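Undergrad: As input, take query03.cif (mmCIF, C-alpha atoms):
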data_protein
#
loop_
_atom_site.label_atom_id
_atom_site.label_comp_id
_atom_site.auth_asym_id
_atom_site.auth_seq_id
_atom_site.Cartn_x
_atom_site.Cartn_y
_atom_site.Cartn_z
CA MET H 1 -76.31 17.70 -18.47
CA THR H 2 -76.66 15.03 -15.99
CA LYS H 3 -75.65 12.48 -18.47
CA THR H 4 -72.53 14.40 -19.26
CA ALA H 5 -71.72 14.93 -15.61
CA LYS H 6 -72.17 11.26 -14.94
CA SER H 7 -70.07 10.19 -17.85
CA SER H 8 -67.31 12.68 -17.00
CA GLY H 9 -67.44 11.36 -13.42
CA ARG H 10 -66.91 7.84 -14.63
CA ASP H 11 -64.06 8.88 -16.88
CA GLY H 12 -62.47 10.80 -14.00
CA THR H 13 -62.72 7.76 -11.77
CA ARG H 14 -61.29 5.54 -14.45
CA HIS H 15 -58.50 8.01 -15.04
CA ARG H 16 -57.72 8.14 -11.30
CA ASP H 17 -57.83 4.35 -11.05
CA ARG H 18 -55.37 4.02 -13.94
CA HIS H 19 -53.15 6.66 -12.42
CA GLU H 20 -53.17 4.91 -9.03
CA ARG H 21 -52.46 1.54 -10.65
CA ARG H 22 -49.51 3.04 -12.50
CA ARG H 23 -48.22 4.61 -9.29
CA VAL H 24 -48.54 1.27 -7.44
CA SER H 25 -46.89 -0.57 -10.36
CA ILE H 26 -43.97 1.90 -10.47
CA THR H 27 -43.58 1.65 -6.68
CA TRP H 28 -43.45 -2.14 -6.83
CA LEU H 29 -41.09 -1.99 -9.80
CA LEU H 30 -38.73 0.37 -7.92
CA LEU H 31 -38.94 -1.81 -4.81
CA ALA H 32 -38.12 -4.90 -6.90
CA VAL H 33 -35.13 -3.15 -8.57
CA VAL H 34 -33.78 -1.99 -5.19
CA THR H 35 -34.23 -5.50 -3.74
CA VAL H 36 -32.46 -7.14 -6.70
CA ALA H 37 -29.58 -4.62 -6.46
CA ALA H 38 -29.22 -5.23 -2.72
CA LEU H 39 -29.21 -9.00 -3.25
CA ALA H 40 -26.60 -8.67 -6.02
CA VAL H 41 -24.32 -6.54 -3.82
CA GLY H 42 -24.74 -8.97 -0.91
CA ALA H 43 -23.94 -11.95 -3.14
CA CYS H 44 -20.83 -10.22 -4.48
CA ALA H 45 -19.70 -9.43 -0.95
CA LEU H 46 -20.15 -13.06 0.10
CA PHE H 47 -18.81 -14.93 -2.89
CA LEU H 48 -16.04 -12.74 -4.34
CA PRO H 49 -12.60 -13.23 -2.76
CA ASP H 50 -11.31 -10.53 -0.44
CA ARG H 51 -8.39 -8.63 -1.86
CA PRO H 52 -6.27 -6.60 0.55
CA PRO H 53 -5.60 -3.01 -0.44
CA GLU H 54 -2.32 -2.33 -2.28
CA LEU H 55 -1.09 -0.44 0.78
CA LEU H 56 -1.25 -3.65 2.86
CA SER H 57 0.49 -5.88 0.32
CA PRO H 58 3.79 -7.55 1.35
CA ALA H 59 6.95 -5.56 0.87
CA ARG H 60 8.85 -6.12 -2.33
CA GLN H 61 12.21 -7.84 -2.11
CA VAL H 62 15.13 -5.56 -2.87
CA THR H 63 17.49 -7.39 -5.21
CA SER H 64 19.94 -4.62 -6.04
CA ALA H 65 21.11 -1.32 -4.63
CA PRO H 66 23.36 1.32 -6.17
CA VAL H 67 26.81 1.55 -4.61
CA ASN H 68 29.14 4.53 -4.64
CA THR H 69 32.67 4.70 -3.34
CA GLN H 70 34.30 7.72 -1.84
CA GLU H 71 37.95 8.01 -1.00
CA TYR H 72 39.04 10.09 1.96
CA THR H 73 42.73 10.64 2.53
CA GLY H 74 42.62 13.72 4.72
CA SER H 75 44.57 13.76 7.92
CA GLN H 76 43.94 15.81 10.99
CA GLN H 77 46.07 16.44 14.03
CA VAL H 78 44.40 15.51 17.30
CA THR H 79 45.56 16.36 20.78
CA VAL H 80 45.18 13.51 23.26
CA VAL H 81 45.41 14.14 26.96
CA PRO H 82 45.56 10.87 28.91
CA THR H 83 44.18 10.78 32.42
CA VAL H 84 45.08 8.17 34.99
CA SER H 85 42.22 6.87 37.04
CA ALA H 86 42.39 6.29 40.74
CA SER H 87 43.91 3.00 41.79
CA ARG H 88 41.55 0.08 42.19
CA GLN H 89 41.63 -2.95 44.36
CA LEU H 90 41.98 -6.29 42.65
CA LEU H 91 39.69 -8.70 44.44
CA GLY H 92 40.12 -12.44 44.33
CA ASN H 93 38.98 -15.41 46.35
CA ALA H 94 42.46 -16.96 46.82
CA THR H 95 43.73 -17.17 50.38
CA GLY H 96 47.37 -16.58 51.22
CA THR H 97 50.18 -14.18 50.46
CA VAL H 98 50.50 -12.45 47.11
CA THR H 99 53.94 -13.54 45.86
CA ALA H 100 53.84 -11.81 42.45
CA ASP H 101 51.70 -9.11 40.82
CA TRP H 102 51.48 -8.68 37.04
CA SER H 103 48.27 -6.60 37.06
CA GLY H 104 50.12 -3.25 36.93
CA SER H 105 50.41 -3.39 33.14
CA GLY H 106 46.73 -4.27 32.77
CA LEU H 107 44.71 -7.44 32.84
CA THR H 108 44.47 -9.71 29.82
CA SER H 109 41.94 -12.48 29.66
CA GLY H 110 43.63 -15.88 29.83
CA ARG H 111 46.88 -14.56 31.39
CA ALA H 112 48.10 -14.68 34.97
CA ALA H 113 47.23 -11.53 36.92
CA TYR H 114 49.06 -12.35 40.16
CA GLN H 115 50.33 -15.23 42.30
CA VAL H 116 49.14 -16.31 45.70
CA ASN H 117 51.55 -18.57 47.58
CA GLY H 118 53.35 -19.27 44.31
CA ARG H 119 50.15 -20.31 42.46
CA ALA H 120 49.06 -18.15 39.51
CA VAL H 121 45.58 -16.58 39.49
CA VAL H 122 44.43 -16.20 35.89
CA ALA H 123 42.20 -13.34 34.68
CA LEU H 124 39.21 -14.42 32.64
CA ASN H 125 37.15 -11.67 31.02
CA THR H 126 33.64 -13.05 30.50
CA ALA H 127 30.54 -11.29 29.22
CA ILE H 128 28.73 -12.16 32.48
CA PRO H 129 30.51 -11.94 35.86
CA LEU H 130 31.31 -15.31 37.42
CA TYR H 131 29.45 -14.97 40.71
CA ARG H 132 29.42 -18.62 41.81
CA ASP H 133 31.54 -21.75 41.81
CA ILE H 134 30.55 -23.58 38.65
CA ARG H 135 30.68 -27.36 38.45
CA PRO H 136 29.95 -29.79 35.62
CA GLY H 137 26.21 -29.98 35.03
CA ASP H 138 25.51 -26.39 36.15
CA VAL H 139 23.37 -24.38 33.75
CA GLY H 140 23.16 -20.61 33.32
CA GLN H 141 24.33 -17.53 31.49
CA ASP H 142 27.58 -17.54 33.48
CA ALA H 143 28.33 -21.06 32.15
CA LEU H 144 27.64 -19.76 28.62
CA ALA H 145 30.09 -16.89 29.23
CA VAL H 146 32.82 -19.31 30.43
CA ASN H 147 32.27 -21.64 27.45
CA ASN H 148 32.49 -18.78 24.96
CA GLU H 149 35.59 -17.18 26.55
CA LEU H 150 37.46 -20.51 26.81
CA ASN H 151 36.60 -21.19 23.17
CA ARG H 152 37.82 -17.70 22.16
CA LEU H 153 41.12 -18.33 23.97
CA GLY H 154 41.55 -21.69 22.18
CA TYR H 155 40.86 -24.04 25.09
CA SER H 156 38.44 -26.96 25.25
CA SER H 157 34.84 -25.89 25.83
CA SER H 158 31.26 -26.27 24.63
CA PRO H 159 30.77 -23.01 22.68
CA ASP H 160 27.31 -21.42 22.74
CA SER H 161 26.17 -23.89 25.44
CA THR H 162 24.63 -22.72 28.71
CA THR H 163 25.79 -25.93 30.42
CA PHE H 164 29.15 -26.29 32.15
CA THR H 165 30.15 -29.69 30.72
CA TRP H 166 33.08 -32.04 31.43
CA TYR H 167 34.59 -30.66 28.23
CA THR H 168 34.37 -27.17 29.71
CA GLN H 169 36.01 -28.49 32.89
CA LEU H 170 38.90 -29.81 30.76
CA GLY H 171 39.36 -26.36 29.16
CA TRP H 172 39.25 -24.73 32.60
CA GLN H 173 42.02 -27.06 33.79
CA GLN H 174 44.08 -26.33 30.63
CA LEU H 175 43.77 -22.60 31.35
#
Would you put the structure from the file into structure tokens?
TA:
Amino acid sequence: MTKTAKSSGRDGTRHRDRHERRRVSITWLLLAVVTVAALAVGACALFLPDRPPELLSPARQVTSAPVNTQEYTGSQQVTVVPTVSASRQLLGNATGTVTADWSGSGLTSGRAAYQVNGRAVVALNTAIPLYRDIRPGDVGQDALAVNNELNRLGYSSSPDSTTFTWYTQLGWQQL
């Protein structure tokens, strides 16, 4: 009996040793597989080009659009009630006596509004109010407004320039 107990003890120890070796081998195998997978994912992340998601791709160019036409020939009667505003003062920097006034029918850019001592004062409707005396070489948005309005009226100017040039001065004199 002792012999049997001893031999079964040795077999049990051998069996446990094999089982532990297998467990250690499987553990190392799993650890190696996980490490290789992690390295493969890291390498892919580093070496593969980044591709933006489809949602962030540039907009497509529209090359055609459907067009429909619709004809409308209906007429409708509308009642218009004009109102006259309160009278306004016409301010100018000319000194003297007003000898003629053409502003009653409205002001038109490039036309005489009134006369002071026989000299016509011309209305000039610019996008920016002319708040200073402008001379050749002056720069600013008011000079741009004068250039554009003189050009629109057909006089010499430097259109789209923010500088009051000698050419602008010539157009001012023509006006």
Undergrad: Run the PyMOL selection byres ((chain H and resi 92-106) around 6) on the file and write out the hits as a PyMOL selection string.
TA: chain H and resi 91+107+113-118
Undergrad: Using Å and a single decimal, report how far CA of Ser109 in chain H sits from CA of Leu153 in chain H.
TA: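 Taking CA of Leu153 in chain H as the start and CA of Ser109 in chain H as the end point, the length is 8.2 Å.
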Undergrad: Calculate how many Å separate CA of Thr165 in chain H from CA of Val121 in chain H, rounding to one decimal.
TA: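 Atom-to-atom, CA of Thr165 in chain H and CA of Val121 in chain H are spaced 22.1 Å apart.
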Undergrad: With the PyMOL selection byres ((chain H and resi 143) around 6) as the selection, what would be picked from this file? Answer as a VMD selection string, please.
TA: chain H and resid 140 to 142 144 to 146 162 to 164
Undergrad: Write out as a PyMOL selection string each polymer residue whose atoms come within 7 Å of Asn147 in chain H, counting all atoms listed in the file; drop sequence neighbours fewer than 3 positions from it.
TA: chain H and resi 143-144+150-151+157-161+168
Undergrad: So what do you get for CA of Gln174 in chain H versus CA of Ala120 in chain H, distance-wise?
TA: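 Between CA of Gln174 in chain H and CA of Ala120 in chain H the gap works out to 13.1 Å.
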